[in-house]
Every structure is written in structure tokens, then in C-alpha cells.
Amino acid sequence: MERLIPFSITDLAKVTNHRSGEVKFGEKMITFPKGENCIDFLKNCEAKYVILGIPEDVGIRANFGRPGAASAWKSAISSIANIQHNRFCKGSQIIVLGTIDISEEMELAKDLDFHKTADRKLLSDLVHKIDKEVVHFVSCIIKCGKIPIIIGGGHNNAYGNIKGTALGLGKPINAVNFDAHSDFRILEGRHSGNGFSYAYEEGFLKKYFIFGLHENYTSKNVLDNLKKIEDRVCFNTYDEIKVRQQKNFQQELNTALDFVKNDAFGIEIDLDALPNIATSAMTMSGFSVEELRQFVYFFGKNKNAAYLHICEGAPELGEEKNNHLIGKLIGYLVTDFIKSRKELL
């Protein structure tokens, strides 16, 4: 893990607001001790969950999206550190590993123009480099018997999460994706819109359920391709659940779980499925925060849930006074996931 930027106990103390009579997550979460071997530390630590940040938006830029997702990690870790450590959820269950160093790729990407063919190729090449790092980190965490909670970056990182988990377990995995978009676009070079299609094509993704597609933003080509492989890739739409009410939200949770539960599966969350949340593809119509929290809790309590990935949140694209709210939302999702697994530990 040469590219690890460890989050130290000092870093944690800086973002924790200490208060007399209270115990915060930041006082109980475990950090990577300086000088120790990372793999040995993870194997020997009793805590089950490993928080890893990916502060990048290169994949979003490569997909003609608005950059800003790199800022999610800082907002999230500050909020998580200030959650109350109590009988409902304990900070001592969590290892805060740190972030993958993507600074070189971010620097190279900042002046590239998506509209230029040569620059698009360069952006895709940078995403490919990030892929390799994400695969390495996630596979190492999985091999150590831990459950990764991956925060930040674009949805391009679904590819690394899926491949890393598959390599760590030694077999292909499934995925369920709470998203307004399929991210199953053509293999035109890596970006945030084709992480799942690349993972599927390369044999790391076995079955895939897309929960809550927006019909207005799913192309005919994607729908046609999904139709051809409907035994392995299934979906429902936000419109048929919430607008036309042809399907029931709770029943669809069960349908999606039945589709993926027989093998290890990843839980992928794209915050652009929520209305008025600052993301690269912000929407005015979507599921509620409560429904997303129910989704995370529902899938998290299954024994085959292998990881949680929360992506595309971009605090810097929102109003400055509300920048902390995306971090707070991510904190809710992280604790909902951990709480859902109490009976499994």
C-alpha cells in the first residue's frame, strides 16, 4: 500500500470536537500506527470495518461531469469523527485507514479538456491508473478479513471495488447499485459511466442490479444492451416506483436482494440519486434520504454484503454554508450499514 496517506491519531483529534460528558467516534476509532506493517495491522486488529477515502474526480471529468467529488472525504471524515459513541453504534468498530494518494492524477487532469479527443484519452489513462490502486487497496482489505467502507471519488471506482473484492475472495461477485444512472455504458475508455460494464466484461461482476434508474437519462442503447443480458443484469426505475407507483419500494428491495444475495455482493451508492444534493449530476427529483438509509440498512444486514461504497458527493459544488451536510449524510449511511450488521458479528 505504497500510495496510502494514513489518517493518524493526530489527524483524527484535529477533526473531533471534544466535549465534556460526551464520547465521540473520533476518540474511539482506530488509526494505523506509524511504523507498523499495514497488512499485519489489519489482520490483527479486532475492528471489522475499514474506512478508506478516494479523494478524486478524474473519472467524473473523463465522463464530462462537473468536478468536485474529491472534496467528499474531508467533509465525511469530519462528520463521522463527531458521531456519538454509544450503545447504538461504537466508533471502536472502525479502522480509519486513510486515503489513496491520487494527487498526481488530479494534478495531471486539472487542465485537460473533455471536448478534445486527445485529452479524453489522457483522462481515461489516468482513470486506469487509479483503478489499479483501488483494486490493490480493496483486495488487501478483503484478504485481511475486513469490510471496506469506501468514501468519495466518482463512480468509476466501482470497477476497482468489484475487481478488488473479487480478487480478494477469489471469485466473481455481485453488486447492487442505488443510482439514477446505470453506469453500464460502452467500453470507450475508462470513466465514471462504465465502471460496471468494464467489471462485467472482464468477468469480475457476476450479477448486477440497478435500483432506481431515471428513465429520462438512460439511453436506448443502454436499455437495449441490458435487455440482452437480463438474466445477469436487472433493474427497476425510479419512475415506476415513485411516479407511476407500479412497483412498491419495499417489494423492490426484496426483488433486488433475491437477485444478488446468493454470492458476495457490493453495495454501491451514488448520491446523485437524491434530489438537491451537490453532485456532478445534481437532480431535482429522486428518492428521499430516509429511503436511501433504509436501502443501506436493508442490504447491509445480509451476510453476503462485502463492502459499502458512497460516491459522487461534491460538497464544494453546494452552498458553502451547507458543505458539511454531505459529510453528515455520509456519516448516517456509514452508521446505518454498521448497525445493520450487529447480529452478524
# chains A, B, ... in the order shown; residues from 1 in each chain; ligands from 1

$ select_by_dssp --residues "range 39-171 of chain A" --states "alpha helix (DSSP H)" --output "PyMOL selection string"
chain A and resi 39-44+58-61+72-81+103-109+117-143+157-169

$ write_last_selection --atoms "C-alpha atoms" --output "JSON list (two decimals), in the first residue's frame"
[["chain", "number", "residue", "atom", "x", "y", "z"],
["A", 39, "ILE", "CA", -1.32, -5.78, 6.35],
["A", 40, "ASP", "CA", -0.23, -7.22, 9.70],
["A", 41, "PHE", "CA", -2.04, -4.41, 11.49],
["A", 42, "LEU", "CA", -5.30, -5.05, 9.62],
["A", 43, "LYS", "CA", -5.12, -8.82, 10.15],
["A", 44, "ASN", "CA", -4.53, -8.49, 13.90],
["A", 58, "VAL", "CA", -10.75, 12.33, -12.54],
["A", 59, "GLY", "CA", -13.30, 9.70, -13.58],
["A", 60, "ILE", "CA", -16.07, 12.30, -13.47],
["A", 61, "ARG", "CA", -14.05, 14.68, -15.64],
["A", 72, "ALA", "CA", -16.29, 14.50, -0.09],
["A", 73, "TRP", "CA", -13.66, 12.72, 2.01],
["A", 74, "LYS", "CA", -12.75, 15.74, 4.12],
["A", 75, "SER", "CA", -16.39, 16.56, 4.83],
["A", 76, "ALA", "CA", -17.23, 12.92, 5.59],
["A", 77, "ILE", "CA", -14.40, 12.13, 7.99],
["A", 78, "SER", "CA", -15.05, 15.33, 9.96],
["A", 79, "SER", "CA", -18.70, 14.36, 10.39],
["A", 80, "ILE", "CA", -18.00, 10.72, 11.20],
["A", 81, "ALA", "CA", -15.47, 11.71, 13.87],
["A", 103, "SER", "CA", -2.65, 13.85, -6.10],
["A", 104, "GLU", "CA", -0.53, 13.12, -9.17],
["A", 105, "GLU", "CA", -3.52, 12.06, -11.29],
["A", 106, "MET", "CA", -5.58, 15.01, -10.03],
["A", 107, "GLU", "CA", -2.81, 17.44, -10.98],
["A", 108, "LEU", "CA", -2.42, 15.95, -14.46],
["A", 109, "ALA", "CA", -6.19, 16.01, -15.03],
["A", 117, "THR", "CA", -10.16, 13.70, -28.23],
["A", 118, "ALA", "CA", -6.51, 13.50, -27.15],
["A", 119, "ASP", "CA", -7.36, 14.85, -23.70],
["A", 120, "ARG", "CA", -10.21, 12.36, -23.29],
["A", 121, "LYS", "CA", -7.73, 9.58, -23.95],
["A", 122, "LEU", "CA", -5.36, 11.01, -21.33],
["A", 123, "LEU", "CA", -8.20, 11.26, -18.80],
["A", 124, "SER", "CA", -9.13, 7.63, -19.40],
["A", 125, "ASP", "CA", -5.49, 6.59, -18.96],
["A", 126, "LEU", "CA", -5.43, 8.41, -15.61],
["A", 127, "VAL", "CA", -8.61, 6.62, -14.53],
["A", 128, "HIS", "CA", -6.97, 3.31, -15.45],
["A", 129, "LYS", "CA", -4.06, 4.16, -13.13],
["A", 130, "ILE", "CA", -6.48, 4.97, -10.31],
["A", 131, "ASP", "CA", -8.25, 1.66, -10.98],
["A", 132, "LYS", "CA", -5.05, -0.25, -10.24],
["A", 133, "GLU", "CA", -4.63, 1.48, -6.88],
["A", 134, "VAL", "CA", -8.25, 0.95, -5.83],
["A", 135, "VAL", "CA", -8.08, -2.73, -6.80],
["A", 136, "HIS", "CA", -4.91, -3.18, -4.75],
["A", 137, "PHE", "CA", -6.25, -1.43, -1.63],
["A", 138, "VAL", "CA", -9.66, -3.11, -1.66],
["A", 139, "SER", "CA", -8.25, -6.60, -2.32],
["A", 140, "CYS", "CA", -5.79, -6.22, 0.56],
["A", 141, "ILE", "CA", -8.56, -5.15, 2.97],
["A", 142, "ILE", "CA", -10.77, -8.06, 1.88],
["A", 143, "LYS", "CA", -7.93, -10.58, 2.21],
["A", 157, "ASN", "CA", -14.24, 3.44, -8.56],
["A", 158, "ALA", "CA", -16.99, 0.80, -8.62],
["A", 159, "TYR", "CA", -14.72, -1.07, -11.03],
["A", 160, "GLY", "CA", -11.84, -1.16, -8.55],
["A", 161, "ASN", "CA", -14.15, -2.10, -5.68],
["A", 162, "ILE", "CA", -15.67, -5.00, -7.62],
["A", 163, "LYS", "CA", -12.40, -6.30, -9.04],
["A", 164, "GLY", "CA", -10.57, -5.84, -5.74],
["A", 165, "THR", "CA", -13.26, -7.71, -3.82],
["A", 166, "ALA", "CA", -13.41, -10.47, -6.45],
["A", 167, "LEU", "CA", -9.63, -10.93, -6.31],
["A", 168, "GLY", "CA", -9.68, -10.84, -2.50],
["A", 169, "LEU", "CA", -12.33, -13.55, -2.35]]

$ residues_around --residues "Asn17 in chain A" --least-positions-apart "5" --cutoff "9 Å" --atoms "only C-alpha atoms" --output "ChimeraX atom specification"
/A:24,26,81-82

$ write_last_selection --atoms "N, CA, C and O atoms" --output "PDB file, in the first residue's frame"
ATOM      1  N   LYS A  24     -17.019  10.832  21.489  1.00  0.00           N
ATOM      2  CA  LYS A  24     -17.248  10.868  20.046  1.00  0.00           C
ATOM      3  C   LYS A  24     -16.513   9.712  19.358  1.00  0.00           C
ATOM      4  O   LYS A  24     -15.560   9.143  19.890  1.00  0.00           O
ATOM      5  N   GLY A  26     -14.468   9.970  17.080  1.00  0.00           N
ATOM      6  CA  GLY A  26     -13.077  10.371  16.891  1.00  0.00           C
ATOM      7  C   GLY A  26     -12.176  10.005  18.051  1.00  0.00           C
ATOM      8  O   GLY A  26     -10.959   9.932  17.902  1.00  0.00           O
ATOM      9  N   ALA A  81     -16.231  11.586  12.616  1.00  0.00           N
ATOM     10  CA  ALA A  81     -15.473  11.714  13.866  1.00  0.00           C
ATOM     11  C   ALA A  81     -16.316  12.283  15.003  1.00  0.00           C
ATOM     12  O   ALA A  81     -16.024  12.041  16.180  1.00  0.00           O
ATOM     13  N   ASN A  82     -17.385  13.014  14.655  1.00  0.00           N
ATOM     14  CA  ASN A  82     -18.189  13.677  15.688  1.00  0.00           C
ATOM     15  C   ASN A  82     -19.529  12.996  15.945  1.00  0.00           C
ATOM     16  O   ASN A  82     -20.399  13.559  16.616  1.00  0.00           O
TER      17      ASN A  82
END

$ residues_around --residues "range 253-257 of chain A" --least-positions-apart "2" --cutoff "9 Å" --atoms "only C-alpha atoms" --output "list in words"
Val176, Phe209, Ile210, Phe211, Cys234, Phe235, Asn236, Asn248, Phe249, Gln250, Gln251, Phe259, Val260, Lys261, Asn262, Phe295, Phe298, Phe299 and Asn302 of chain A

$ residues_around --residues "range 19-22 of chain A" --least-positions-apart "4" --cutoff "12 Å" --atoms "only C-alpha atoms" --output "list of chain:residue names"
A:Gly26, A:Glu27, A:Lys28, A:Asn82, A:Ile83, A:Gln84, A:His85, A:Asn86

$ write_last_selection --atoms "N, CA and C atoms" --output "compact mmCIF listing (two decimals), in the first residue's frame"
# COMPACT_ATOMS: atom_id res chain seq x y z
N GLY A 26 -14.47 9.97 17.08
CA GLY A 26 -13.08 10.37 16.89
C GLY A 26 -12.18 10.00 18.05
N GLU A 27 -12.77 9.77 19.21
CA GLU A 27 -12.00 9.37 20.39
C GLU A 27 -11.85 7.86 20.48
N LYS A 28 -12.61 7.12 19.67
CA LYS A 28 -12.62 5.66 19.78
C LYS A 28 -12.20 4.93 18.51
N ASN A 82 -17.38 13.01 14.65
CA ASN A 82 -18.19 13.68 15.69
C ASN A 82 -19.53 13.00 15.95
N ILE A 83 -19.69 11.77 15.44
CA ILE A 83 -20.85 10.96 15.80
C ILE A 83 -20.66 10.46 17.23
N GLN A 84 -21.75 10.38 17.98
CA GLN A 84 -21.67 9.94 19.36
C GLN A 84 -21.39 8.43 19.45
N HIS A 85 -20.39 8.09 20.25
CA HIS A 85 -20.06 6.70 20.54
C HIS A 85 -20.98 6.25 21.68
N ASN A 86 -21.92 5.33 21.36
CA ASN A 86 -22.88 4.91 22.37
C ASN A 86 -23.32 3.47 22.11

$ residues_around --residues "Ile54 in chain A" --least-positions-apart "2" --cutoff "6 Å" --atoms "only C-alpha atoms" --output "number ranges by chain"
A: 56, 99-100, 152-153

$ closest_residue --among "A:Ser182, A:Thr335, A:Gln93, A:Ser340" --to "Ser219 in chain A" --atoms "only C-alpha atoms"
A:Ser182

$ select_by_dssp --residues "range 21-129 of chain A" --states "strand (DSSP E)" --output "ChimeraX atom specification"
/A:30-31,49-53,94-100

$ closest_residue --among "A:Pro148, A:Ala175, A:Pro67, A:Phe88" --to "Lys110 in chain A" --atoms "only C-alpha atoms"
A:Pro67

$ closest_residue --among "A:Glu36, A:Glu319, A:Met29, A:Ala306" --to "Thr16 in chain A" --atoms "only C-alpha atoms"
A:Met29

$ residues_around --residues "range 264-269 of chain A" --least-positions-apart "4" --cutoff "7 Å" --atoms "only C-alpha atoms" --output "list in words"
Ile173, Asn174, Ala175, Val176, Asn177, Phe178, Asp179, Val260, Asn304, Ala305, Ala306, Tyr307, Leu308, His309, Ile310 and Cys311 of chain A

$ write_last_selection --atoms "N, CA and C atoms" --output "short mmCIF file (atom, residue, chain, number, x, y, z; two decimals), in the first residue's frame"
data_model
loop_
_atom_site.label_atom_id
_atom_site.label_comp_id
_atom_site.auth_asym_id
_atom_site.auth_seq_id
_atom_site.Cartn_x
_atom_site.Cartn_y
_atom_site.Cartn_z
N ILE A 173 -18.08 -11.43 -8.03
CA ILE A 173 -19.08 -11.01 -7.05
C ILE A 173 -20.27 -10.36 -7.75
N ASN A 174 -21.31 -10.09 -7.00
CA ASN A 174 -22.48 -9.36 -7.48
C ASN A 174 -22.43 -7.93 -6.95
N ALA A 175 -23.33 -7.09 -7.45
CA ALA A 175 -23.41 -5.71 -6.96
C ALA A 175 -24.84 -5.22 -7.07
N VAL A 176 -25.23 -4.38 -6.11
CA VAL A 176 -26.50 -3.66 -6.18
C VAL A 176 -26.16 -2.18 -6.11
N ASN A 177 -26.74 -1.40 -7.02
CA ASN A 177 -26.35 0.00 -7.19
C ASN A 177 -27.56 0.92 -7.08
N PHE A 178 -27.58 1.75 -6.05
CA PHE A 178 -28.62 2.77 -5.85
C PHE A 178 -28.20 3.99 -6.65
N ASP A 179 -28.83 4.19 -7.82
CA ASP A 179 -28.27 5.16 -8.77
C ASP A 179 -29.33 5.61 -9.77
N VAL A 260 -29.21 -10.73 -5.98
CA VAL A 260 -27.76 -10.68 -5.72
C VAL A 260 -27.29 -11.48 -4.51
N ASN A 304 -23.91 -11.67 3.04
CA ASN A 304 -23.05 -11.64 1.86
C ASN A 304 -22.66 -10.23 1.41
N ALA A 305 -23.12 -9.21 2.13
CA ALA A 305 -22.71 -7.84 1.80
C ALA A 305 -21.21 -7.70 2.08
N ALA A 306 -20.43 -7.39 1.04
CA ALA A 306 -18.97 -7.44 1.16
C ALA A 306 -18.33 -6.07 1.36
N TYR A 307 -18.97 -5.01 0.86
CA TYR A 307 -18.43 -3.67 1.04
C TYR A 307 -19.53 -2.64 0.83
N LEU A 308 -19.25 -1.41 1.27
CA LEU A 308 -20.12 -0.26 1.03
C LEU A 308 -19.29 0.82 0.35
N HIS A 309 -19.83 1.37 -0.74
CA HIS A 309 -19.16 2.47 -1.44
C HIS A 309 -20.13 3.62 -1.60
N ILE A 310 -19.74 4.80 -1.11
CA ILE A 310 -20.56 6.01 -1.21
C ILE A 310 -19.79 7.03 -2.04
N CYS A 311 -20.36 7.41 -3.19
CA CYS A 311 -19.58 8.24 -4.11
C CYS A 311 -20.39 9.39 -4.72
#

$ closest_residue --among "A:Val23, A:Gln246, A:Lys48, A:Ala62" --to "Glu188 in chain A" --atoms "only C-alpha atoms"
A:Ala62
